[in-house]
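**Student:** Here you go, upload20.cif (mmCIF, C-alpha atoms and all ligand atoms):
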```
data_model
loop_
_atom_site.label_atom_id
_atom_site.label_comp_id
_atom_site.auth_asym_id
_atom_site.auth_seq_id
_atom_site.Cartn_x
_atom_site.Cartn_y
_atom_site.Cartn_z
CA MET S 1 0.00 0.00 0.00
CA GLN S 2 1.06 3.61 -0.62
CA VAL S 3 0.36 6.59 1.59
CA TYR S 4 0.09 10.17 0.31
CA LYS S 5 -0.49 13.52 1.92
CA VAL S 6 -3.47 15.21 0.29
CA GLY S 7 -5.64 18.28 0.45
CA GLY S 8 -4.76 21.27 2.59
CA ALA S 9 -1.37 19.94 3.69
CA VAL S 10 -0.06 19.85 0.12
CA ARG S 11 -1.75 23.10 -0.89
CA ASP S 12 -0.50 25.08 2.08
CA ARG S 13 3.05 23.72 1.87
CA LEU S 14 3.22 24.82 -1.77
CA LEU S 15 1.89 28.24 -0.77
CA GLY S 16 4.57 28.46 1.90
CA LEU S 17 1.98 28.55 4.66
CA PRO S 18 2.13 26.63 7.94
CA VAL S 19 0.48 23.21 7.80
CA THR S 20 -1.52 22.24 10.85
CA ASP S 21 -3.86 19.45 9.89
CA ILE S 22 -2.57 16.68 7.65
CA ASP S 23 -4.96 14.49 5.68
CA ARG S 24 -3.63 11.29 4.16
CA VAL S 25 -4.96 8.90 1.58
CA VAL S 26 -4.04 5.22 1.40
CA VAL S 27 -3.99 3.47 -1.97
CA GLY S 28 -3.97 -0.30 -2.38
CA ALA S 29 -5.15 -1.35 1.06
CA THR S 30 -8.24 -2.98 2.52
CA THR S 31 -9.99 -2.18 5.78
CA GLU S 32 -8.76 -5.51 7.16
CA GLU S 33 -5.14 -4.64 6.38
CA MET S 34 -5.51 -1.26 8.09
CA LEU S 35 -7.03 -2.84 11.19
CA ALA S 36 -4.30 -5.50 11.23
CA GLN S 37 -1.71 -2.70 11.36
CA GLY S 38 -3.36 -1.23 14.43
CA PHE S 39 -5.23 1.65 12.76
CA ARG S 40 -8.42 2.63 14.56
CA PRO S 41 -11.56 3.05 12.41
CA VAL S 42 -13.42 6.37 12.86
CA GLY S 43 -15.61 7.25 9.91
CA ALA S 44 -19.13 5.97 10.27
CA ASP S 45 -19.70 6.89 6.61
CA PHE S 46 -16.25 6.61 5.06
CA PRO S 47 -13.35 4.21 5.47
CA VAL S 48 -11.25 6.59 7.60
CA PHE S 49 -8.72 5.50 10.22
CA LEU S 50 -6.56 7.04 12.91
CA HIS S 51 -2.87 6.17 13.08
CA PRO S 52 -2.19 4.05 16.20
CA LYS S 53 0.63 6.38 17.37
CA THR S 54 0.20 9.84 15.82
CA GLY S 55 -3.62 9.88 15.80
CA GLU S 56 -3.53 11.46 12.31
CA GLU S 57 -6.19 10.69 9.72
CA TYR S 58 -5.73 8.11 6.99
CA ALA S 59 -8.55 7.58 4.49
CA LEU S 60 -8.75 4.72 2.02
CA ALA S 61 -8.81 5.94 -1.57
CA ARG S 62 -12.43 6.01 -2.65
CA THR S 63 -14.77 7.00 -5.41
CA GLU S 64 -18.24 8.35 -4.79
CA ARG S 65 -21.50 8.57 -6.59
CA LYS S 66 -24.47 10.77 -5.98
CA SER S 67 -27.58 8.76 -5.12
CA GLY S 68 -29.96 11.29 -3.65
CA ARG S 69 -30.43 14.75 -2.23
CA GLY S 70 -28.02 16.38 0.19
CA TYR S 71 -25.00 14.92 1.83
CA GLY S 72 -26.62 11.69 2.93
CA GLY S 73 -27.28 10.97 -0.72
CA PHE S 74 -23.83 9.62 -1.51
CA THR S 75 -22.59 6.10 -2.03
CA PHE S 76 -18.92 5.41 -1.54
CA TYR S 77 -16.77 2.79 -3.04
CA ALA S 78 -13.43 2.04 -1.47
CA SER S 79 -11.27 -0.83 -2.60
CA PRO S 80 -7.57 -1.54 -3.17
CA GLU S 81 -8.18 -1.02 -6.92
CA VAL S 82 -9.20 2.64 -6.57
CA THR S 83 -6.32 4.72 -7.91
CA LEU S 84 -4.95 7.97 -6.55
CA GLU S 85 -6.25 9.85 -9.61
CA GLU S 86 -9.73 8.44 -9.07
CA ASP S 87 -9.67 9.56 -5.46
CA LEU S 88 -8.42 13.04 -6.34
CA ILE S 89 -11.06 13.70 -9.00
CA ARG S 90 -13.92 13.64 -6.45
CA ARG S 91 -12.35 16.57 -4.55
CA ASP S 92 -13.71 20.09 -4.69
CA LEU S 93 -10.96 22.38 -6.00
CA THR S 94 -7.92 21.70 -8.16
CA ILE S 95 -5.67 23.23 -5.50
CA ASN S 96 -7.14 20.72 -3.03
CA ALA S 97 -6.72 17.78 -5.40
CA MET S 98 -2.97 17.29 -5.25
CA ALA S 99 -1.11 14.52 -3.46
CA GLU S 100 2.50 13.98 -2.47
CA ASP S 101 4.46 10.99 -1.23
CA ASP S 102 7.15 10.87 1.46
CA GLN S 103 9.72 12.32 -0.94
CA GLN S 104 7.42 15.26 -1.80
CA ASN S 105 6.86 13.88 -5.33
CA LEU S 106 3.73 15.66 -6.47
CA THR S 107 0.77 13.94 -8.14
CA ASP S 108 -1.26 16.68 -9.76
CA PRO S 109 -3.51 15.31 -12.51
CA TYR S 110 -5.95 18.25 -12.41
CA HIS S 111 -3.37 21.06 -12.56
CA GLY S 112 -3.71 22.33 -9.03
CA GLN S 113 -0.20 23.76 -9.09
CA ARG S 114 -0.99 25.80 -12.19
CA ASP S 115 -4.10 27.22 -10.47
CA LEU S 116 -2.12 27.89 -7.30
CA GLU S 117 0.28 30.01 -9.30
CA ALA S 118 -2.54 31.73 -11.18
CA ARG S 119 -4.36 32.28 -7.84
CA ILE S 120 -7.54 30.59 -9.07
CA LEU S 121 -10.11 28.57 -7.15
CA ARG S 122 -11.38 26.16 -9.79
CA HIS S 123 -13.53 23.05 -9.45
CA VAL S 124 -12.00 19.72 -10.43
CA SER S 125 -14.88 18.17 -12.37
CA PRO S 126 -18.61 18.58 -13.00
CA ALA S 127 -19.16 16.23 -10.04
CA PHE S 128 -18.53 19.40 -7.99
CA ALA S 129 -22.25 20.03 -8.26
CA GLU S 130 -23.05 16.85 -6.32
CA ASP S 131 -22.39 18.34 -2.88
CA PRO S 132 -23.88 21.78 -2.19
CA LEU S 133 -21.56 22.26 0.78
CA ARG S 134 -18.86 23.00 -1.78
CA VAL S 135 -20.51 26.36 -2.48
CA LEU S 136 -19.77 27.32 1.11
CA ARG S 137 -16.31 25.76 1.02
CA VAL S 138 -15.27 27.70 -2.06
CA ALA S 139 -16.54 30.95 -0.55
CA ARG S 140 -14.59 30.13 2.62
CA PHE S 141 -11.38 29.45 0.70
CA ALA S 142 -11.95 32.70 -1.21
CA ALA S 143 -12.11 34.51 2.14
CA ARG S 144 -9.02 32.74 3.43
CA TYR S 145 -6.84 33.33 0.38
CA ALA S 146 -8.18 36.70 -0.77
CA GLY S 147 -5.11 38.33 0.74
CA LEU S 148 -2.93 36.24 -1.58
CA GLY S 149 -4.94 37.38 -4.59
CA PHE S 150 -7.10 34.28 -5.16
CA THR S 151 -10.42 34.59 -6.94
CA VAL S 152 -13.09 32.09 -7.99
CA ALA S 153 -12.90 30.91 -11.62
CA PRO S 154 -15.90 32.17 -13.63
CA GLU S 155 -16.92 28.63 -14.62
CA THR S 156 -16.83 27.56 -10.96
CA LEU S 157 -18.93 30.54 -9.95
CA GLU S 158 -21.37 29.53 -12.68
CA LEU S 159 -21.65 26.01 -11.23
CA MET S 160 -22.14 27.52 -7.78
CA ARG S 161 -24.93 29.65 -9.23
CA GLU S 162 -26.64 26.60 -10.74
CA LEU S 163 -26.35 24.78 -7.42
CA SER S 164 -27.83 27.76 -5.59
CA GLU S 165 -30.75 27.95 -7.99
CA SER S 166 -31.42 24.21 -7.92
CA GLY S 167 -32.68 24.20 -4.33
CA GLU S 168 -29.89 21.82 -3.26
CA LEU S 169 -28.53 24.31 -0.72
CA GLN S 170 -31.65 23.83 1.37
CA ALA S 171 -30.71 20.19 1.82
CA LEU S 172 -27.63 21.11 3.85
CA THR S 173 -27.88 20.41 7.56
CA ALA S 174 -27.53 23.29 10.01
CA GLU S 175 -24.43 21.65 11.48
CA ARG S 176 -22.52 21.34 8.21
CA SER S 177 -23.44 24.87 7.18
CA TRP S 178 -22.52 26.39 10.54
CA LYS S 179 -19.14 24.71 10.51
CA GLU S 180 -18.31 26.41 7.21
CA ILE S 181 -19.89 29.74 8.16
CA SER S 182 -18.12 29.95 11.50
CA ARG S 183 -14.75 29.01 10.00
CA ALA S 184 -15.24 31.53 7.19
CA LEU S 185 -16.15 34.32 9.60
CA LEU S 186 -12.91 33.68 11.48
CA GLU S 187 -10.79 34.14 8.35
CA ASP S 188 -8.87 37.38 7.74
CA GLN S 189 -11.30 38.61 5.10
CA PRO S 190 -14.69 37.24 6.14
CA GLN S 191 -16.47 39.85 4.02
CA VAL S 192 -15.20 38.01 0.93
CA PHE S 193 -17.13 34.93 2.07
CA ILE S 194 -20.36 36.93 2.03
CA GLU S 195 -19.48 38.61 -1.27
CA VAL S 196 -18.82 35.32 -3.03
CA LEU S 197 -22.02 33.79 -1.67
CA ARG S 198 -23.87 36.84 -2.94
CA ASP S 199 -22.19 36.71 -6.35
CA CYS S 200 -23.40 33.16 -6.95
CA GLY S 201 -26.89 33.66 -5.55
CA ALA S 202 -26.29 31.48 -2.49
CA LEU S 203 -26.69 34.33 -0.01
CA LYS S 204 -30.28 34.83 -1.16
CA VAL S 205 -30.98 31.20 -0.32
CA LEU S 206 -28.94 30.82 2.88
CA MET S 207 -29.42 34.26 4.46
CA PRO S 208 -32.04 36.22 2.51
CA GLU S 209 -32.13 38.64 5.45
CA VAL S 210 -28.51 39.65 4.78
CA ASP S 211 -28.94 39.61 1.00
CA ALA S 212 -31.86 42.04 1.37
CA LEU S 213 -29.54 44.72 2.82
CA PHE S 214 -27.87 45.32 -0.54
CA GLY S 215 -29.50 48.19 -2.34
CA VAL S 216 -30.99 49.63 0.85
CA PRO S 217 -29.76 53.21 1.42
CA GLN S 218 -28.86 54.86 4.71
CA PRO S 219 -28.46 58.60 5.40
CA GLU S 220 -25.22 59.76 3.79
CA ALA S 221 -24.36 62.05 6.70
CA HIS S 222 -23.82 59.10 9.03
CA HIS S 223 -23.05 56.50 6.39
CA PRO S 224 -20.93 57.85 3.53
CA GLU S 225 -21.01 54.37 1.97
CA ILE S 226 -24.84 54.68 1.86
CA ASP S 227 -25.59 51.02 0.99
CA THR S 228 -26.49 48.90 4.02
CA GLY S 229 -25.07 45.72 2.49
CA LEU S 230 -21.72 47.39 1.81
CA HIS S 231 -21.77 48.76 5.34
CA THR S 232 -22.32 45.27 6.73
CA LEU S 233 -19.35 43.95 4.73
CA SER S 234 -17.15 46.76 6.07
CA VAL S 235 -18.22 46.08 9.65
CA LEU S 236 -17.25 42.45 9.19
CA GLN S 237 -13.94 43.49 7.69
CA GLN S 238 -13.24 45.77 10.66
CA ALA S 239 -14.09 42.95 13.06
CA ALA S 240 -11.46 40.78 11.36
CA LEU S 241 -8.88 43.57 11.28
CA HIS S 242 -9.39 44.00 15.02
CA LYS S 243 -9.16 40.23 15.62
CA GLN S 244 -12.61 40.00 17.16
CA PRO S 245 -13.92 36.60 18.30
CA LEU S 246 -16.62 34.66 16.45
CA THR S 247 -19.42 35.98 18.68
CA VAL S 248 -18.61 39.58 17.73
CA ARG S 249 -18.25 38.75 14.02
CA TRP S 250 -21.59 36.96 13.99
CA ALA S 251 -23.24 39.92 15.74
CA CYS S 252 -21.63 42.31 13.24
CA LEU S 253 -23.06 40.38 10.31
CA LEU S 254 -26.59 40.47 11.70
CA HIS S 255 -26.76 43.79 13.55
CA ASP S 256 -28.67 45.78 10.89
CA LEU S 257 -31.05 43.14 9.51
CA GLY S 258 -34.01 45.32 10.46
CA LYS S 259 -32.99 47.83 7.78
CA GLY S 260 -33.99 45.29 5.15
CA LEU S 261 -37.59 45.57 6.35
CA THR S 262 -37.91 49.38 6.22
CA PRO S 263 -40.69 50.45 3.82
CA GLN S 264 -39.14 52.27 0.84
CA GLU S 265 -41.12 55.44 1.62
CA GLU S 266 -39.08 55.78 4.80
CA TRP S 267 -35.67 55.40 3.16
CA PRO S 268 -32.97 56.40 3.90
CA ARG S 269 -34.15 56.51 7.50
CA HIS S 270 -34.65 53.31 9.47
CA ILE S 271 -36.81 54.09 12.43
CA ALA S 272 -36.77 51.33 15.07
CA HIS S 273 -34.73 48.97 12.90
CA GLU S 274 -33.12 47.68 16.11
CA HIS S 275 -36.49 46.33 17.13
CA THR S 276 -37.81 45.14 13.75
CA GLY S 277 -34.58 43.24 13.13
CA LEU S 278 -34.87 41.00 16.17
CA LYS S 279 -37.16 38.40 14.64
CA LEU S 280 -34.88 38.17 11.60
CA ILE S 281 -31.79 37.74 13.77
CA LYS S 282 -33.63 35.03 15.68
CA ALA S 283 -34.56 33.27 12.46
CA VAL S 284 -30.98 33.25 11.14
CA ASN S 285 -29.65 32.15 14.53
CA GLU S 286 -32.02 29.21 14.59
CA ARG S 287 -31.60 28.29 10.93
CA PHE S 288 -27.93 27.52 11.53
CA LYS S 289 -28.25 26.45 15.16
CA ALA S 290 -25.56 28.97 16.04
CA PRO S 291 -23.99 28.40 19.47
CA LYS S 292 -25.80 30.05 22.36
CA ASP S 293 -23.18 32.77 22.96
CA CYS S 294 -23.33 33.80 19.27
CA GLN S 295 -27.13 33.84 19.28
CA GLU S 296 -27.33 35.90 22.46
CA LEU S 297 -24.78 38.49 21.44
CA ALA S 298 -26.31 38.93 17.98
CA LEU S 299 -29.72 39.65 19.53
CA LEU S 300 -28.33 42.04 22.13
CA VAL S 301 -26.20 43.91 19.59
CA GLY S 302 -29.15 44.06 17.22
CA GLN S 303 -31.32 45.58 19.91
CA TYR S 304 -28.85 47.93 21.57
CA HIS S 305 -26.17 49.01 19.08
CA THR S 306 -27.67 52.49 18.69
CA HIS S 307 -27.61 52.82 22.49
CA GLY S 308 -23.89 52.10 22.23
CA HIS S 309 -23.36 54.86 19.69
CA ARG S 310 -25.40 57.33 21.77
CA ALA S 311 -23.75 56.23 25.02
CA LEU S 312 -22.56 59.73 25.98
CA GLU S 313 -26.02 61.20 25.57
CA LEU S 314 -27.91 58.46 27.43
CA LYS S 315 -29.64 59.38 30.68
CA ALA S 316 -28.21 57.62 33.71
CA SER S 317 -31.41 55.60 34.01
CA THR S 318 -31.14 54.42 30.39
CA LEU S 319 -27.51 53.55 30.94
CA LEU S 320 -28.54 51.51 33.94
CA GLU S 321 -31.22 49.69 31.93
CA LEU S 322 -28.60 48.89 29.30
CA LEU S 323 -26.22 47.45 31.87
CA GLN S 324 -29.07 45.48 33.47
CA SER S 325 -30.11 44.06 30.08
CA PHE S 326 -26.60 42.73 29.64
CA ASP S 327 -26.44 41.43 33.22
CA VAL S 328 -23.08 43.12 33.28
CA TYR S 329 -22.58 42.11 36.92
CA ARG S 330 -22.39 38.41 36.14
CA ARG S 331 -21.49 38.62 32.42
CA PRO S 332 -18.80 41.34 32.08
CA GLN S 333 -17.24 39.65 29.05
CA ARG S 334 -20.48 39.74 27.09
CA PHE S 335 -20.73 43.50 27.61
CA GLU S 336 -17.15 43.89 26.37
CA GLU S 337 -18.14 42.02 23.22
CA PHE S 338 -21.14 44.30 22.80
CA ILE S 339 -18.87 47.35 23.03
CA ALA S 340 -16.53 45.79 20.48
CA ALA S 341 -19.38 45.13 18.05
CA CYS S 342 -20.60 48.73 18.39
CA GLU S 343 -17.11 50.01 17.72
CA MET S 344 -16.77 47.81 14.62
CA ASP S 345 -20.14 49.12 13.44
CA ALA S 346 -18.91 52.69 13.81
CA ARG S 347 -15.62 51.91 12.07
CA GLY S 348 -17.32 50.02 9.27
CA ARG S 349 -18.23 53.28 7.56
CA LYS S 350 -16.50 54.64 4.52
CA GLY S 351 -13.76 57.07 5.43
CA LEU S 352 -14.49 56.79 9.18
CA GLU S 353 -12.47 53.63 9.84
CA GLN S 354 -9.87 55.47 11.91
CA ARG S 355 -12.17 57.76 13.83
CA SER S 356 -11.89 57.30 17.60
CA TYR S 357 -14.81 55.76 19.44
CA PRO S 358 -14.93 57.38 22.89
CA GLN S 359 -18.20 55.57 23.58
CA ALA S 360 -16.20 52.39 24.23
CA ASP S 361 -14.29 53.70 27.23
CA TYR S 362 -17.32 55.57 28.46
CA LEU S 363 -19.39 52.36 28.49
CA ARG S 364 -16.57 50.44 30.14
CA GLY S 365 -16.32 53.08 32.83
CA ALA S 366 -20.06 52.98 33.41
CA ALA S 367 -19.98 49.20 33.77
CA THR S 368 -17.10 49.42 36.24
CA ALA S 369 -18.91 52.07 38.25
CA ALA S 370 -22.13 50.07 38.43
CA ARG S 371 -20.29 46.89 39.30
CA GLY S 372 -18.50 48.72 42.09
CA VAL S 373 -21.71 49.00 44.12
CA ALA S 374 -21.28 46.57 46.99
CA VAL S 375 -24.12 44.40 48.28
CA GLN S 376 -22.77 43.94 51.78
CA PRO S 377 -23.64 47.39 53.18
CA LEU S 378 -27.20 46.99 51.89
CA LEU S 379 -27.49 43.59 53.55
CA GLU S 380 -26.24 45.14 56.75
CA GLN S 381 -28.94 47.79 56.48
CA GLY S 382 -31.45 44.91 56.48
CA PHE S 383 -32.46 44.82 52.81
CA LYS S 384 -33.45 41.42 51.46
CA GLY S 385 -35.42 39.82 48.62
CA PRO S 386 -36.94 42.17 46.04
CA ALA S 387 -36.26 45.17 48.28
CA LEU S 388 -32.55 44.36 48.10
CA GLY S 389 -32.77 44.34 44.31
CA GLU S 390 -34.47 47.72 44.33
CA ALA S 391 -31.91 49.19 46.74
CA LEU S 392 -29.07 47.90 44.56
CA LYS S 393 -30.64 49.55 41.52
CA ARG S 394 -30.99 52.86 43.38
CA GLU S 395 -27.35 52.76 44.43
CA ARG S 396 -26.23 51.91 40.93
CA LEU S 397 -28.29 54.72 39.49
CA LYS S 398 -26.66 57.09 41.96
CA VAL S 399 -23.12 56.10 40.95
CA LEU S 400 -24.05 56.29 37.27
CA LYS S 401 -25.39 59.82 37.71
CA ALA S 402 -22.14 60.79 39.42
CA TYR S 403 -20.16 59.03 36.69
CA LYS S 404 -22.05 60.88 33.97
CA ASP S 405 -21.64 64.24 35.69
CA ALA S 406 -17.93 63.67 36.17
CA ALA S 407 -17.53 62.65 32.52
CA SER S 408 -19.32 65.73 31.16
CA ALA S 409 -17.63 68.12 33.61
P1 LIG Z 501 -8.24 23.11 5.85
O1 LIG Z 501 -6.95 23.85 5.84
O2 LIG Z 501 -9.42 24.01 6.08
O3 LIG Z 501 -8.22 21.86 6.65
P2 LIG Z 501 -8.48 21.28 3.67
O4 LIG Z 501 -8.43 21.52 2.20
O5 LIG Z 501 -7.48 20.37 4.27
O6 LIG Z 501 -8.42 22.72 4.32
P3 LIG Z 501 -10.47 19.54 4.79
O7 LIG Z 501 -11.88 19.85 5.17
O8 LIG Z 501 -9.50 19.14 5.85
O9 LIG Z 501 -9.94 20.82 4.00
O10 LIG Z 501 -10.56 18.43 3.68
C1 LIG Z 501 -9.39 17.79 3.16
C2 LIG Z 501 -9.54 17.58 1.67
O11 LIG Z 501 -10.67 16.75 1.40
C3 LIG Z 501 -9.79 18.85 0.88
O12 LIG Z 501 -8.59 19.50 0.54
C4 LIG Z 501 -10.53 18.33 -0.32
O13 LIG Z 501 -9.61 17.74 -1.22
C5 LIG Z 501 -11.36 17.20 0.25
N1 LIG Z 501 -12.71 17.62 0.67
C6 LIG Z 501 -13.14 17.89 1.91
N2 LIG Z 501 -14.45 18.17 1.92
C7 LIG Z 501 -14.87 18.08 0.66
C8 LIG Z 501 -16.14 18.23 -0.01
N3 LIG Z 501 -17.24 18.56 0.67
N4 LIG Z 501 -16.17 18.02 -1.34
C9 LIG Z 501 -15.06 17.67 -2.01
N5 LIG Z 501 -13.86 17.52 -1.49
C10 LIG Z 501 -13.75 17.71 -0.16
MG MG Z 502 -7.47 19.63 6.17
#
```
Let me see the structure of the file written as structure tokens.

**Tutor:**
Amino acid sequence: MQVYKVGGAVRDRLLGLPVTDIDRVVVGATTEEMLAQGFRPVGADFPVFLHPKTGEEYALARTERKSGRGYGGFTFYASPEVTLEEDLIRRDLTINAMAEDDQQNLTDPYHGQRDLEARILRHVSPAFAEDPLRVLRVARFAARYAGLGFTVAPETLELMRELSESGELQALTAERSWKEISRALLEDQPQVFIEVLRDCGALKVLMPEVDALFGVPQPEAHHPEIDTGLHTLSVLQQAALHKQPLTVRWACLLHDLGKGLTPQEEWPRHIAHEHTGLKLIKAVNERFKAPKDCQELALLVGQYHTHGHRALELKASTLLELLQSFDVYRRPQRFEEFIAACEMDARGRKGLEQRSYPQADYLRGAATAARGVAVQPLLEQGFKGPALGEALKRERLKVLKAYKDAASA
């Protein structure tokens, strides 16, 4: 049997990038032979094994055939007769369809190296269209390698468009989609992921709420970029530039969904979009079964981002309500993430990327002040139950008033 490195390990080594996860393919072996050598089987669906010592993945060379809708609708055929070329042709992109042996001899039947040099993301064969997840994968790779100058080949984008129009994308499970979406959002240029999905019509299917933001104007005085979709892309880009975590990036993507619902007569104003957007944010959250912390932050940022921008003008009582809504006493980190999302929103405006955002420190200071109110003295004064809660609120309001006065003095 022969063992080859495949996929990302080969691609990233040729690009001169660090290789973290190594996928290997085994040609000329049977499951029995693998087990006899101590490999541990893992794949419920595919013949994949873990190396007894290194724990790295080894997959038997296989071919696959589409037999139904979605990802479940595949039949696999693995046998010692399946060649390396046959295994490579079922892969998504030419740059992902190269293999190398121990001596770094390259097997590259579909010209991945040529496309690497030309900076092109190109599908390997028409079988690309058999797994709709590949639409998301290509968009993710476009986001990852945009900085190196990679773009999607027109014929691949065309196939992605056909896939998006065919209704196949709806067959993807929430889990598979979220895995791609979350990884893509964590790339250096996550906005490219959204752009590519939009270019091929997949955004309209996967997140129509985000797609609807393109073409919706905002007041030029606050938003020189005008278009809400372009603004959203810039906010996402800022979040990546500032190395924000996934929660913040997810919230950035969804913060303005309400603007897609504004009646045209009201354009470019978006009265109460924070409120109207909540049901849309909830729907997108649930569609992809986003993790709880992502869901929560997206809803809170959707509802309160304008409060963040107006922080310095908020009455002490409104400031207190904001801090209470975030449960800043037990969840300080979540409030930090809210502040970060607001700042990215402010920076995601054309020409205003470098403008300072004093609201951030002001909000932090307010949170610190409110959290500084001690419970003990109130307990000692005999407060308990709901009365204690009320007394705490009164004390917090007092310190926030003092904080606000000191800040504006
Ligand atoms: P990463 O750096 O993100 O791990 P990768 O290319 O190694 O990138 P994996 O998800 O680890 O991506 O998959 C390994 C290889 O398996 C890919 O390079 C590709 O050849 C193939 N592959 C994975 N998923 C698919 C898919 N849905 N359709 C076609 N080929 C796929
Ligand atoms: Mg990999």

**Student:** Report as a ChimeraX atom specification which protein, DNA and RNA residues come within 6 Å of ligand LIG 501 (chain Z), using only C-alpha atoms and all ligand atoms.

**Tutor:** /S:7-8,21,91-92,96-97,133-134

**Student:** With 10 Å as the threshold, what does the neighbourhood of (-29.3, 55.5, 10.2) contain in terms of residues, counting all atoms listed in the file? Coordinates are those of the file; answer as a list in words.

**Tutor:**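 Final list of nearby residues, as requested, is Pro217, Gln218, Pro219, Glu220, Ala221, His222, His223, Ile226, Thr228, Asp256, Lys259, Trp267, Pro268, Arg269, His270, Ile271, Ala272, His273 and Thr306 of chain S.
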
**Student:** Show me a table, sorted first by chain and then by increasing residue number, of the residues of chain S having an atom at most 10 Å from ligand MG 502 (chain Z), each with its shortest atom pair and the distance in Å to one decimal, counting only C-alpha atoms and all ligand atoms and written as a tab-separated table.

**Tutor:**
```
residue	atom	partner	partner_atom	distance
S:Val6	CA	Z:MG502	MG	8.4
S:Gly7	CA	Z:MG502	MG	6.2
S:Gly8	CA	Z:MG502	MG	4.8
S:Ala9	CA	Z:MG502	MG	6.6
S:Val10	CA	Z:MG502	MG	9.6
S:Arg11	CA	Z:MG502	MG	9.7
S:Asp12	CA	Z:MG502	MG	9.7
S:Val19	CA	Z:MG502	MG	8.9
S:Thr20	CA	Z:MG502	MG	8.0
S:Asp21	CA	Z:MG502	MG	5.2
S:Ile22	CA	Z:MG502	MG	5.9
S:Asp23	CA	Z:MG502	MG	5.7
S:Arg24	CA	Z:MG502	MG	9.4
S:Glu57	CA	Z:MG502	MG	9.7
S:Asn96	CA	Z:MG502	MG	9.3
```

**Student:** Report, in Å to a single decimal, how far apart atom CA of Gln189 of chain S and atom CA of Glu130 of chain S are.

**Tutor:**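 Pair atom CA of Glu130 of chain S / atom CA of Gln189 of chain S returns 27.2 Å.
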
**Student:** How far is it from atom CA of Thr262 of chain S to atom CA of Gly201 of chain S, in Å with one decimal?

**Tutor:**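 Going from atom CA of Thr262 of chain S over to atom CA of Gly201 of chain S, I get 22.5 Å.
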
**Student:** Hey, can you check how far atom CA of Cys342 of chain S sits from atom CA of Ser177 of chain S?

**Tutor:**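 According to the coordinates, atom CA of Cys342 of chain S and atom CA of Ser177 of chain S are separated by 26.5 Å.
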
**Student:** Can you take the partial segment 101-113 of chain S, add N, CA and C atoms, and return it as a PDB file, in the frame of the given file?

**Tutor:**
```
ATOM      1  N   ASP S 101       3.972  12.120  -2.016  1.00  0.00           N
ATOM      2  CA  ASP S 101       4.460  10.990  -1.230  1.00  0.00           C
ATOM      3  C   ASP S 101       5.519  11.486  -0.236  1.00  0.00           C
ATOM      4  N   ASP S 102       6.151  10.534   0.434  1.00  0.00           N
ATOM      5  CA  ASP S 102       7.150  10.870   1.460  1.00  0.00           C
ATOM      6  C   ASP S 102       8.283  11.744   0.930  1.00  0.00           C
ATOM      7  N   GLN S 103       8.604  11.552  -0.357  1.00  0.00           N
ATOM      8  CA  GLN S 103       9.720  12.320  -0.940  1.00  0.00           C
ATOM      9  C   GLN S 103       9.254  13.651  -1.548  1.00  0.00           C
ATOM     10  N   GLN S 104       8.002  14.033  -1.247  1.00  0.00           N
ATOM     11  CA  GLN S 104       7.420  15.260  -1.800  1.00  0.00           C
ATOM     12  C   GLN S 104       7.307  15.215  -3.323  1.00  0.00           C
ATOM     13  N   ASN S 105       7.192  13.992  -3.898  1.00  0.00           N
ATOM     14  CA  ASN S 105       6.860  13.880  -5.330  1.00  0.00           C
ATOM     15  C   ASN S 105       5.386  14.216  -5.468  1.00  0.00           C
ATOM     16  N   LEU S 106       5.090  15.171  -6.345  1.00  0.00           N
ATOM     17  CA  LEU S 106       3.730  15.660  -6.470  1.00  0.00           C
ATOM     18  C   LEU S 106       2.934  14.869  -7.509  1.00  0.00           C
ATOM     19  N   THR S 107       1.707  14.481  -7.157  1.00  0.00           N
ATOM     20  CA  THR S 107       0.770  13.940  -8.140  1.00  0.00           C
ATOM     21  C   THR S 107      -0.306  15.015  -8.315  1.00  0.00           C
ATOM     22  N   ASP S 108      -0.410  15.500  -9.539  1.00  0.00           N
ATOM     23  CA  ASP S 108      -1.260  16.680  -9.760  1.00  0.00           C
ATOM     24  C   ASP S 108      -1.999  16.570 -11.094  1.00  0.00           C
ATOM     25  N   PRO S 109      -2.884  15.559 -11.205  1.00  0.00           N
ATOM     26  CA  PRO S 109      -3.510  15.310 -12.510  1.00  0.00           C
ATOM     27  C   PRO S 109      -4.472  16.412 -12.955  1.00  0.00           C
ATOM     28  N   TYR S 110      -4.937  17.251 -12.031  1.00  0.00           N
ATOM     29  CA  TYR S 110      -5.950  18.250 -12.410  1.00  0.00           C
ATOM     30  C   TYR S 110      -5.399  19.676 -12.374  1.00  0.00           C
ATOM     31  N   HIS S 111      -4.070  19.766 -12.415  1.00  0.00           N
ATOM     32  CA  HIS S 111      -3.370  21.060 -12.560  1.00  0.00           C
ATOM     33  C   HIS S 111      -3.610  22.024 -11.413  1.00  0.00           C
ATOM     34  N   GLY S 112      -3.561  21.486 -10.220  1.00  0.00           N
ATOM     35  CA  GLY S 112      -3.710  22.330  -9.030  1.00  0.00           C
ATOM     36  C   GLY S 112      -2.567  23.325  -8.898  1.00  0.00           C
ATOM     37  N   GLN S 113      -1.347  22.869  -9.250  1.00  0.00           N
ATOM     38  CA  GLN S 113      -0.200  23.760  -9.090  1.00  0.00           C
ATOM     39  C   GLN S 113      -0.317  24.972 -10.025  1.00  0.00           C
TER      40      GLN S 113
END
```
